[in-house]
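One structure below.
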Amino acid sequence: MNRLSLTLSRGVVQVTGAALGPYQSAVIRIGFAGTWLLFLLREFPHRQELYGPSGPWGWNLAKQLTDDNQAFTALLWSDGRLWFEICYALAVLASAALVLGWRTRTSSLLFMVGVLSLQNRSVFVGDGGDNVLHLMSIYLVFTRCGQVWSLDAHRAVRAAAARARGERVPADVVGPVLWAVLGLALGTAALTGRFHATEWLIPALLWTAWAGLGLWWVVERRAARREPRILLDVVANVLHNGALVVIMAEACLIYATAGWYKVQGSRWQDGTAVYYPLHLDYFSPWPGLADLMSSSGTIMMIAAYGTVMVQVAFPFTLFNRRVKNVLLVVMMAEHAVIAVVLGLPFFSLAMIAADAVFLPTSFLRRLGDLAARARGRLAGGAGHEVPAPRPTEESTADHVGFTA
(Lines give C-alpha, C1' and ligand atoms only; values in the text may rest on other atoms or scores of the structure.)
Protein backbone atom coordinates (compact mmCIF):
# COMPACT_ATOMS: atom_id res chain seq x y z
CA MET A 1 0.00 0.00 0.00
CA ASN A 2 2.89 2.35 0.80
CA ARG A 3 4.45 1.63 -2.59
CA LEU A 4 1.16 2.45 -4.33
CA SER A 5 0.80 5.70 -2.38
CA LEU A 6 4.38 6.65 -3.20
CA THR A 7 3.82 5.96 -6.90
CA LEU A 8 0.62 8.00 -6.93
CA SER A 9 2.26 10.90 -5.12
CA ARG A 10 5.15 10.90 -7.59
CA GLY A 11 2.71 10.88 -10.47
CA VAL A 12 0.79 13.82 -9.02
CA VAL A 13 4.01 15.78 -8.50
CA GLN A 14 5.15 15.10 -12.06
CA VAL A 15 1.83 16.07 -13.63
CA THR A 16 1.42 19.24 -11.56
CA GLY A 17 5.03 20.28 -11.06
CA ALA A 18 6.14 20.79 -14.67
CA ALA A 19 4.83 21.14 -18.20
CA LEU A 20 6.07 17.89 -19.73
CA GLY A 21 7.36 17.51 -23.27
CA PRO A 22 8.43 21.13 -23.89
CA TYR A 23 10.31 20.22 -27.07
CA GLN A 24 7.46 18.10 -28.38
CA SER A 25 4.91 20.86 -27.74
CA ALA A 26 7.22 23.36 -29.43
CA VAL A 27 7.68 21.23 -32.54
CA ILE A 28 3.95 20.61 -32.96
CA ARG A 29 3.35 24.33 -32.45
CA ILE A 30 5.76 25.13 -35.25
CA GLY A 31 4.48 22.24 -37.38
CA PHE A 32 0.77 23.02 -37.27
CA ALA A 33 1.13 26.79 -37.42
CA GLY A 34 3.69 26.51 -40.22
CA THR A 35 1.46 24.17 -42.21
CA TRP A 36 -1.50 26.55 -41.96
CA LEU A 37 0.69 29.56 -42.77
CA LEU A 38 2.08 27.92 -45.91
CA PHE A 39 -1.42 26.96 -46.99
CA LEU A 40 -2.74 30.49 -46.53
CA LEU A 41 0.19 31.96 -48.45
CA ARG A 42 -0.11 29.47 -51.30
CA GLU A 43 -3.84 30.07 -51.63
CA PHE A 44 -3.57 33.83 -51.26
CA PRO A 45 -4.36 34.49 -54.96
CA HIS A 46 -7.43 32.22 -54.68
CA ARG A 47 -8.59 33.24 -51.20
CA GLN A 48 -11.74 34.98 -52.46
CA GLU A 49 -12.91 31.85 -54.30
CA LEU A 50 -12.08 29.50 -51.43
CA TYR A 51 -13.36 31.38 -48.40
CA GLY A 52 -14.50 34.80 -49.54
CA PRO A 53 -17.53 36.43 -51.13
CA SER A 54 -16.48 35.28 -54.62
CA GLY A 55 -16.67 31.58 -53.78
CA PRO A 56 -19.37 29.18 -55.04
CA TRP A 57 -20.31 28.44 -51.42
CA GLY A 58 -21.96 31.80 -50.85
CA TRP A 59 -22.36 33.77 -47.66
CA ASN A 60 -26.06 32.92 -47.32
CA LEU A 61 -25.43 29.20 -47.73
CA ALA A 62 -22.64 29.29 -45.16
CA LYS A 63 -24.85 31.26 -42.79
CA GLN A 64 -27.64 28.69 -43.05
CA LEU A 65 -25.23 25.82 -42.40
CA THR A 66 -23.55 27.43 -39.38
CA ASP A 67 -26.92 28.37 -37.93
CA ASP A 68 -27.80 24.68 -38.12
CA ASN A 69 -24.57 23.13 -36.81
CA GLN A 70 -23.54 26.01 -34.47
CA ALA A 71 -20.02 26.13 -35.92
CA PHE A 72 -17.94 29.17 -35.02
CA THR A 73 -16.66 31.48 -37.77
CA ALA A 74 -15.92 35.18 -37.53
CA LEU A 75 -16.13 35.51 -41.32
CA LEU A 76 -19.91 35.41 -41.16
CA TRP A 77 -20.09 38.45 -38.90
CA SER A 78 -20.17 40.51 -42.11
CA ASP A 79 -20.50 39.75 -45.82
CA GLY A 80 -18.22 42.62 -46.85
CA ARG A 81 -14.97 42.04 -48.73
CA LEU A 82 -13.03 44.33 -46.39
CA TRP A 83 -13.98 42.21 -43.36
CA PHE A 84 -12.87 39.07 -45.18
CA GLU A 85 -9.49 40.61 -46.05
CA ILE A 86 -8.98 41.70 -42.44
CA CYS A 87 -9.77 38.22 -41.14
CA TYR A 88 -7.51 36.55 -43.69
CA ALA A 89 -4.63 38.91 -42.88
CA LEU A 90 -5.08 38.33 -39.15
CA ALA A 91 -5.04 34.56 -39.74
CA VAL A 92 -1.73 34.88 -41.59
CA LEU A 93 -0.21 37.10 -38.90
CA ALA A 94 -1.41 34.86 -36.07
CA SER A 95 0.09 31.79 -37.77
CA ALA A 96 3.42 33.57 -38.27
CA ALA A 97 3.44 34.76 -34.63
CA LEU A 98 2.76 31.22 -33.39
CA VAL A 99 5.53 29.77 -35.54
CA LEU A 100 7.96 32.29 -34.05
CA GLY A 101 6.57 31.84 -30.55
CA TRP A 102 5.77 35.53 -30.12
CA ARG A 103 3.24 36.09 -27.32
CA THR A 104 2.40 32.42 -27.59
CA ARG A 105 -0.66 32.41 -25.34
CA THR A 106 -2.33 35.17 -27.34
CA SER A 107 -1.17 34.00 -30.76
CA SER A 108 -2.46 30.46 -30.08
CA LEU A 109 -5.93 31.90 -29.40
CA LEU A 110 -5.83 34.00 -32.57
CA PHE A 111 -4.51 31.01 -34.51
CA MET A 112 -7.48 28.93 -33.37
CA VAL A 113 -9.90 31.71 -34.32
CA GLY A 114 -8.30 31.98 -37.77
CA VAL A 115 -8.41 28.25 -38.44
CA LEU A 116 -12.01 27.82 -37.28
CA SER A 117 -13.23 30.95 -39.06
CA LEU A 118 -11.83 30.01 -42.46
CA GLN A 119 -12.54 26.29 -42.34
CA ASN A 120 -16.09 26.67 -41.03
CA ARG A 121 -16.80 29.33 -43.63
CA SER A 122 -16.34 26.80 -46.45
CA VAL A 123 -16.62 23.33 -44.97
CA PHE A 124 -16.38 21.57 -48.34
CA VAL A 125 -12.90 22.92 -49.03
CA GLY A 126 -10.04 20.83 -47.70
CA ASP A 127 -9.11 17.27 -46.83
CA GLY A 128 -8.21 15.14 -43.83
CA GLY A 129 -5.29 17.40 -43.01
CA ASP A 130 -7.71 20.28 -42.44
CA ASN A 131 -9.64 18.16 -39.95
CA VAL A 132 -6.43 17.51 -38.04
CA LEU A 133 -5.56 21.22 -38.03
CA HIS A 134 -9.09 22.03 -36.92
CA LEU A 135 -8.78 19.87 -33.80
CA MET A 136 -5.16 20.63 -33.02
CA SER A 137 -5.72 24.39 -33.17
CA ILE A 138 -8.09 23.99 -30.21
CA TYR A 139 -5.78 21.67 -28.27
CA LEU A 140 -2.79 24.00 -28.72
CA VAL A 141 -4.60 26.72 -26.76
CA PHE A 142 -4.25 24.60 -23.61
CA THR A 143 -0.53 23.88 -24.02
CA ARG A 144 2.47 25.84 -22.82
CA CYS A 145 4.07 25.46 -26.22
CA GLY A 146 6.44 28.44 -26.01
CA GLN A 147 8.85 27.10 -23.38
CA VAL A 148 11.61 26.50 -25.94
CA TRP A 149 12.31 27.52 -29.54
CA SER A 150 10.29 30.71 -29.22
CA LEU A 151 10.74 34.44 -28.94
CA ASP A 152 8.96 34.23 -25.59
CA ALA A 153 11.62 31.88 -24.23
CA HIS A 154 14.38 34.08 -25.64
CA ARG A 155 12.84 37.15 -24.00
CA ALA A 156 12.55 35.31 -20.67
CA VAL A 157 16.23 34.26 -20.80
CA ARG A 158 17.34 37.81 -21.55
CA ALA A 159 15.20 39.16 -18.70
CA ALA A 160 16.61 36.57 -16.27
CA ALA A 161 20.17 37.41 -17.36
CA ALA A 162 19.51 41.11 -16.84
CA ARG A 163 18.14 40.48 -13.34
CA ALA A 164 21.18 38.34 -12.52
CA ARG A 165 23.40 41.29 -13.46
CA GLY A 166 21.37 43.56 -11.21
CA GLU A 167 19.85 45.50 -14.10
CA ARG A 168 16.31 46.81 -14.14
CA VAL A 169 14.02 44.96 -16.55
CA PRO A 170 11.55 47.31 -18.32
CA ALA A 171 7.89 46.65 -17.64
CA ASP A 172 6.04 44.72 -20.33
CA VAL A 173 3.78 47.03 -22.32
CA VAL A 174 2.89 44.87 -25.32
CA GLY A 175 1.17 42.18 -23.24
CA PRO A 176 -1.34 44.48 -21.49
CA VAL A 177 -2.06 46.29 -24.76
CA LEU A 178 -2.81 43.01 -26.52
CA TRP A 179 -4.98 41.93 -23.60
CA ALA A 180 -6.96 45.20 -23.72
CA VAL A 181 -7.43 45.00 -27.50
CA LEU A 182 -8.64 41.40 -27.30
CA GLY A 183 -11.02 42.27 -24.47
CA LEU A 184 -12.40 45.16 -26.50
CA ALA A 185 -12.89 42.89 -29.53
CA LEU A 186 -14.63 40.20 -27.47
CA GLY A 187 -16.84 42.75 -25.74
CA THR A 188 -17.82 44.35 -29.04
CA ALA A 189 -18.66 40.97 -30.58
CA ALA A 190 -20.77 40.01 -27.56
CA LEU A 191 -22.64 43.33 -27.32
CA THR A 192 -23.45 43.41 -31.04
CA GLY A 193 -24.82 39.87 -30.99
CA ARG A 194 -22.12 38.30 -33.16
CA PHE A 195 -22.05 35.19 -30.98
CA HIS A 196 -25.11 32.99 -31.41
CA ALA A 197 -26.90 31.89 -28.27
CA THR A 198 -26.24 28.24 -29.10
CA GLU A 199 -22.62 28.93 -30.05
CA TRP A 200 -21.19 28.86 -26.55
CA LEU A 201 -18.05 26.70 -26.61
CA ILE A 202 -15.58 28.93 -28.49
CA PRO A 203 -16.81 32.21 -26.94
CA ALA A 204 -16.60 30.64 -23.47
CA LEU A 205 -13.08 29.43 -24.23
CA LEU A 206 -12.03 32.88 -25.47
CA TRP A 207 -13.51 34.68 -22.46
CA THR A 208 -11.97 32.18 -20.03
CA ALA A 209 -8.55 32.49 -21.66
CA TRP A 210 -8.82 36.29 -21.65
CA ALA A 211 -9.73 36.37 -17.96
CA GLY A 212 -6.98 33.85 -17.18
CA LEU A 213 -4.35 35.97 -18.94
CA GLY A 214 -5.44 39.02 -16.97
CA LEU A 215 -5.35 37.10 -13.69
CA TRP A 216 -1.91 35.72 -14.53
CA TRP A 217 -0.57 39.22 -15.16
CA VAL A 218 -2.02 40.58 -11.91
CA VAL A 219 -0.66 37.71 -9.82
CA GLU A 220 2.76 37.86 -11.46
CA ARG A 221 3.14 41.62 -11.02
CA ARG A 222 1.11 42.47 -7.93
CA ALA A 223 0.84 39.45 -5.64
CA ALA A 224 3.08 39.76 -2.61
CA ARG A 225 2.98 36.04 -1.80
CA ARG A 226 4.18 33.18 -3.98
CA GLU A 227 1.25 30.85 -3.36
CA PRO A 228 -1.10 32.35 -6.00
CA ARG A 229 1.61 32.08 -8.67
CA ILE A 230 2.35 28.49 -7.68
CA LEU A 231 -1.36 27.66 -7.91
CA LEU A 232 -1.61 29.19 -11.40
CA ASP A 233 1.47 27.25 -12.48
CA VAL A 234 -0.09 24.01 -11.22
CA VAL A 235 -3.32 24.69 -13.14
CA ALA A 236 -1.39 25.60 -16.30
CA ASN A 237 0.78 22.48 -16.01
CA VAL A 238 -2.23 20.21 -15.56
CA LEU A 239 -3.97 21.75 -18.58
CA HIS A 240 -0.79 21.47 -20.66
CA ASN A 241 -0.11 17.87 -19.75
CA GLY A 242 -3.74 16.90 -20.28
CA ALA A 243 -3.81 18.60 -23.69
CA LEU A 244 -0.58 16.86 -24.69
CA VAL A 245 -2.08 13.49 -23.77
CA VAL A 246 -5.19 14.35 -25.80
CA ILE A 247 -3.02 15.25 -28.80
CA MET A 248 -1.20 11.94 -28.52
CA ALA A 249 -4.47 10.04 -28.15
CA GLU A 250 -5.90 11.88 -31.15
CA ALA A 251 -2.94 10.87 -33.31
CA CYS A 252 -3.26 7.26 -32.18
CA LEU A 253 -7.00 7.31 -32.84
CA ILE A 254 -6.47 8.66 -36.36
CA TYR A 255 -4.07 5.85 -37.23
CA ALA A 256 -6.04 3.12 -35.46
CA THR A 257 -9.36 3.97 -37.11
CA ALA A 258 -7.74 4.46 -40.51
CA GLY A 259 -5.94 1.13 -40.23
CA TRP A 260 -8.93 -0.89 -39.05
CA TYR A 261 -11.20 0.60 -41.71
CA LYS A 262 -8.62 -0.30 -44.34
CA VAL A 263 -8.53 -3.88 -43.08
CA GLN A 264 -12.22 -4.19 -43.95
CA GLY A 265 -11.79 -2.92 -47.52
CA SER A 266 -11.52 -5.47 -50.32
CA ARG A 267 -8.99 -3.36 -52.26
CA TRP A 268 -6.71 -3.21 -49.23
CA GLN A 269 -7.14 -6.92 -48.66
CA ASP A 270 -6.02 -7.82 -52.18
CA GLY A 271 -3.21 -5.21 -52.12
CA THR A 272 -4.44 -3.01 -54.99
CA ALA A 273 -5.81 0.00 -53.05
CA VAL A 274 -2.74 2.19 -53.63
CA TYR A 275 -2.86 1.59 -57.39
CA TYR A 276 -6.11 3.45 -58.08
CA PRO A 277 -5.33 6.91 -56.58
CA LEU A 278 -2.13 7.00 -58.62
CA HIS A 279 -4.22 7.01 -61.80
CA LEU A 280 -6.64 9.77 -60.83
CA ASP A 281 -5.86 13.09 -62.49
CA TYR A 282 -6.57 15.00 -59.29
CA PHE A 283 -3.92 13.00 -57.40
CA SER A 284 -1.30 12.75 -60.14
CA PRO A 285 0.91 15.86 -60.21
CA TRP A 286 3.72 13.66 -61.58
CA PRO A 287 2.10 11.13 -63.95
CA GLY A 288 5.45 9.65 -64.94
CA LEU A 289 6.39 8.94 -61.33
CA ALA A 290 2.94 7.48 -60.62
CA ASP A 291 3.19 5.20 -63.66
CA LEU A 292 6.66 4.08 -62.61
CA MET A 293 5.47 3.13 -59.12
CA SER A 294 2.25 1.45 -60.24
CA SER A 295 4.04 -0.60 -62.89
CA SER A 296 5.32 -2.93 -60.18
CA GLY A 297 2.68 -5.11 -58.53
CA THR A 298 5.12 -5.94 -55.75
CA ILE A 299 5.58 -2.28 -54.83
CA MET A 300 1.82 -1.74 -54.80
CA MET A 301 1.26 -4.76 -52.58
CA ILE A 302 4.04 -3.75 -50.16
CA ALA A 303 2.69 -0.20 -50.00
CA ALA A 304 -0.88 -1.36 -49.31
CA TYR A 305 -0.08 -4.03 -46.73
CA GLY A 306 2.69 -1.97 -45.14
CA THR A 307 0.39 1.02 -44.68
CA VAL A 308 -2.26 -1.08 -42.95
CA MET A 309 0.21 -2.87 -40.69
CA VAL A 310 1.97 0.33 -39.63
CA GLN A 311 -1.26 2.19 -38.88
CA VAL A 312 -2.79 -0.67 -36.91
CA ALA A 313 0.40 -1.44 -34.99
CA PHE A 314 1.53 2.08 -34.11
CA PRO A 315 -0.68 2.71 -31.03
CA PHE A 316 0.55 -0.56 -29.51
CA THR A 317 4.24 0.37 -29.86
CA LEU A 318 4.26 3.59 -27.82
CA PHE A 319 5.81 1.95 -24.77
CA ASN A 320 8.56 0.27 -26.79
CA ARG A 321 10.84 3.13 -27.72
CA ARG A 322 12.87 1.40 -30.39
CA VAL A 323 9.91 -0.01 -32.30
CA LYS A 324 8.01 3.26 -31.87
CA ASN A 325 10.91 5.29 -33.29
CA VAL A 326 11.24 2.95 -36.28
CA LEU A 327 7.52 3.22 -37.07
CA LEU A 328 7.71 7.00 -36.69
CA VAL A 329 10.40 7.15 -39.38
CA VAL A 330 8.33 4.87 -41.62
CA MET A 331 5.14 6.92 -41.19
CA MET A 332 6.87 10.25 -41.76
CA ALA A 333 8.55 8.87 -44.86
CA GLU A 334 5.18 7.58 -46.07
CA HIS A 335 3.61 11.01 -45.64
CA ALA A 336 6.52 12.60 -47.48
CA VAL A 337 5.91 10.21 -50.38
CA ILE A 338 2.19 11.05 -50.32
CA ALA A 339 3.04 14.75 -50.45
CA VAL A 340 5.12 14.31 -53.60
CA VAL A 341 3.41 11.48 -55.47
CA LEU A 342 -0.25 12.31 -54.70
CA GLY A 343 0.17 16.07 -54.51
CA LEU A 344 -1.10 16.45 -50.93
CA PRO A 345 1.65 18.50 -49.25
CA PHE A 346 -0.46 20.15 -46.56
CA PHE A 347 -2.20 16.94 -45.55
CA SER A 348 1.22 15.32 -45.21
CA LEU A 349 2.67 18.25 -43.27
CA ALA A 350 -0.26 18.18 -40.85
CA MET A 351 0.17 14.45 -40.24
CA ILE A 352 3.94 14.77 -39.84
CA ALA A 353 3.32 17.53 -37.29
CA ALA A 354 0.94 15.22 -35.42
CA ASP A 355 3.54 12.44 -35.50
CA ALA A 356 6.16 14.83 -34.12
CA VAL A 357 4.57 14.72 -30.64
CA PHE A 358 6.13 11.24 -30.28
CA LEU A 359 9.65 12.26 -31.34
CA PRO A 360 12.40 11.54 -28.77
CA THR A 361 13.54 14.48 -26.67
CA SER A 362 17.21 13.68 -27.30
CA PHE A 363 16.66 13.86 -31.06
CA LEU A 364 14.80 17.17 -30.79
CA ARG A 365 17.54 18.65 -28.63
CA ARG A 366 20.19 17.66 -31.16
CA LEU A 367 18.02 19.09 -33.92
CA GLY A 368 17.70 22.35 -32.02
CA ASP A 369 21.45 22.50 -31.42
CA LEU A 370 22.14 21.93 -35.11
CA ALA A 371 19.68 24.67 -36.04
CA ALA A 372 21.31 27.06 -33.55
CA ARG A 373 24.78 26.34 -34.94
CA ALA A 374 23.55 26.80 -38.50
CA ARG A 375 21.96 30.11 -37.56
CA GLY A 376 25.22 31.18 -35.92
CA ARG A 377 27.16 30.39 -39.09
CA LEU A 378 24.67 32.32 -41.22
CA ALA A 379 24.99 35.28 -38.87
CA GLY A 380 28.72 35.22 -39.41
CA GLY A 381 29.45 34.68 -35.76
CA ALA A 382 28.44 38.25 -34.90
CA GLY A 383 27.33 38.63 -31.32
CA HIS A 384 26.90 36.04 -28.62
CA GLU A 385 23.46 34.64 -28.02
CA VAL A 386 22.41 33.22 -24.68
CA PRO A 387 21.42 29.57 -25.18
CA ALA A 388 17.80 28.67 -24.71
CA PRO A 389 16.87 27.07 -21.39
CA ARG A 390 16.45 23.34 -21.16
CA PRO A 391 13.36 22.57 -19.08
CA THR A 392 13.48 19.51 -16.88
CA GLU A 393 11.08 17.18 -18.62
CA GLU A 394 12.73 13.83 -17.81
CA SER A 395 9.97 12.46 -15.64
CA THR A 396 6.71 10.94 -16.77
CA ALA A 397 7.71 11.82 -20.32
CA ASP A 398 10.31 9.09 -20.23
CA HIS A 399 7.56 6.51 -19.79
CA VAL A 400 5.20 7.67 -22.53
CA GLY A 401 7.63 7.76 -25.41
CA PHE A 402 8.89 11.34 -25.28
CA THR A 403 12.55 10.41 -24.88
CA ALA A 404 14.80 8.02 -26.75
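Ordered as shown in the C-alpha coordinates, chains take letters A, B, and onward, while each chain numbers its residues from 1 and ligands are numbered from 1 in the order shown.
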Item to complete: Identify, on the basis of only C-alpha atoms, every residue whose closest approach to A:Ser95 does not exceed 9 Å; exclude the query and any residue fewer than 2 positions from it along the same chain; express the result as a list in words.
Response: Phe32, Ala33, Gly34, Thr35, Trp36, Leu37, Leu90, Ala91, Val92, Leu93, Ala97, Leu98, Val99, Leu100, Ser107, Ser108, Leu110, Phe111 and Gly114 of chain A
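Those residues that approach A:Gly187 to within 12 Å, counting only C-alpha atoms, are Ala180, Val181, Leu182, Thr192, Gly193, Arg194, Phe195, Pro203, Leu206, Trp207 and Trp210 of chain A; same-chain residues fewer than 5 positions away are not listed.
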Worksheet item: Which of these, A:Pro360, A:Gly297, A:Pro228, A:Pro315, has the shortest distance to A:Ala258 once you count only C-alpha atoms?
Response: A:Pro315
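In this comparison, which uses only C-alpha atoms, the residue of A:Leu191, A:Ala204, A:Ile247, A:Ala18 approaching A:Asp355 most closely is A:Ile247.
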Discussion item. Using DSSP secondary structure from the backbone, list all alpha helix (DSSP H) positions within stretch 102-320 of chain A, as a PyMOL selection string.
Written reply: chain A and resi 104-121+128-140+151-164+174-191+201-222+227-263+266-269+287-294+297-313
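Excluding A:Asn325 itself and same-chain residues fewer than 2 positions from it, the residues having an atom within 9 Å of it are Thr317, Leu318, Asn320, Arg321, Arg322, Val323, Leu327, Leu328, Val329, Val330, Phe358, Leu359, Pro360, Gly401 and Ala404 of chain A, counting only C-alpha atoms.
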Response to the item:
The residue from A:Leu76, A:Leu289, A:Ala243, A:Leu367 with the smallest atom-to-atom distance to A:Leu342, counting only C-alpha atoms, is A:Leu289
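Picture a line from atom CA of A:Tyr88 to atom CA of A:Ala339; it runs 25.1 Å.
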Worksheet item: From the list A:Pro176, A:Asp233, A:Gly368, A:Leu244, which residue is nearest A:Val218 when using only C-alpha atoms?
Response: A:Pro176
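Using only C-alpha atoms, the protein and nucleic acid residues lying no more than 8 Å from stretch 21-26 of chain A, apart from those fewer than 2 places from it along its own chain, are Ala19, Ile28, Arg29, Ile30, Thr143, Arg144, Cys145, Gly146, Gln147, Val148, Trp149, Ser150, Leu244, Ala356, Val357, Phe358, Leu359, Thr361, Leu364, Arg365, Pro391, Glu393, Ala397 and Phe402 of chain A.
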Practice prompt. Extract, using only C-alpha atoms, all DNA, RNA and protein residues at most 10 Å from A:Asp130, discarding same-chain residues fewer than 3 positions from it, and format them as a PyMOL selection string.
Written response: chain A and resi 35-36+115+119+123+125-127+133-136+346-347+350
Discussion item. Can you pull out the residues contacting A:Tyr282? Cut-off 9 Å, using only C-alpha atoms, and skip same-chain residues under 3 positions away; I want them as a ChimeraX atom specification.
Written reply: /A:277,279,285,342-343
Include all heavy atoms and write out the residues we just selected as a short mmCIF file (atom, residue, chain, number, x, y, z; two decimals), in the first residue's frame.
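Ended up saving to again11.cif:
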```cif
data_model
loop_
_atom_site.label_atom_id
_atom_site.label_comp_id
_atom_site.auth_asym_id
_atom_site.auth_seq_id
_atom_site.Cartn_x
_atom_site.Cartn_y
_atom_site.Cartn_z
N PRO A 277 -5.56 5.46 -56.69
CA PRO A 277 -5.33 6.91 -56.58
C PRO A 277 -4.22 7.42 -57.48
O PRO A 277 -4.25 8.58 -57.91
CB PRO A 277 -4.97 7.09 -55.10
CG PRO A 277 -5.55 5.92 -54.41
CD PRO A 277 -5.47 4.79 -55.39
N HIS A 279 -3.75 6.82 -60.43
CA HIS A 279 -4.22 7.01 -61.80
C HIS A 279 -5.42 7.95 -61.88
O HIS A 279 -6.11 7.99 -62.90
CB HIS A 279 -4.55 5.66 -62.44
CG HIS A 279 -3.34 4.81 -62.66
ND1 HIS A 279 -2.56 4.90 -63.79
CD2 HIS A 279 -2.75 3.88 -61.88
CE1 HIS A 279 -1.56 4.05 -63.72
NE2 HIS A 279 -1.65 3.41 -62.56
N PRO A 285 0.12 14.71 -59.74
CA PRO A 285 0.91 15.86 -60.21
C PRO A 285 2.11 15.44 -61.04
O PRO A 285 2.62 16.22 -61.84
CB PRO A 285 1.33 16.55 -58.91
CG PRO A 285 1.33 15.45 -57.90
CD PRO A 285 0.23 14.52 -58.29
N LEU A 342 1.19 12.03 -54.59
CA LEU A 342 -0.25 12.31 -54.70
C LEU A 342 -0.58 13.80 -54.68
O LEU A 342 -1.75 14.18 -54.79
CB LEU A 342 -1.02 11.60 -53.59
CG LEU A 342 -0.95 10.07 -53.59
CD1 LEU A 342 -1.79 9.51 -52.44
CD2 LEU A 342 -1.44 9.51 -54.91
N GLY A 343 0.42 14.64 -54.50
CA GLY A 343 0.17 16.07 -54.51
C GLY A 343 -0.65 16.56 -53.34
O GLY A 343 -1.49 17.44 -53.50
#
```
Discussion item. So that I can check the surroundings of A:Leu231, please list as a PyMOL selection string every protein, DNA and RNA residue that reaches within 12 Å of it, counting only C-alpha atoms and ignoring chain neighbours fewer than 4 positions away.
Written reply: chain A and resi 16-17+215-216+219-220+225-227+235-238
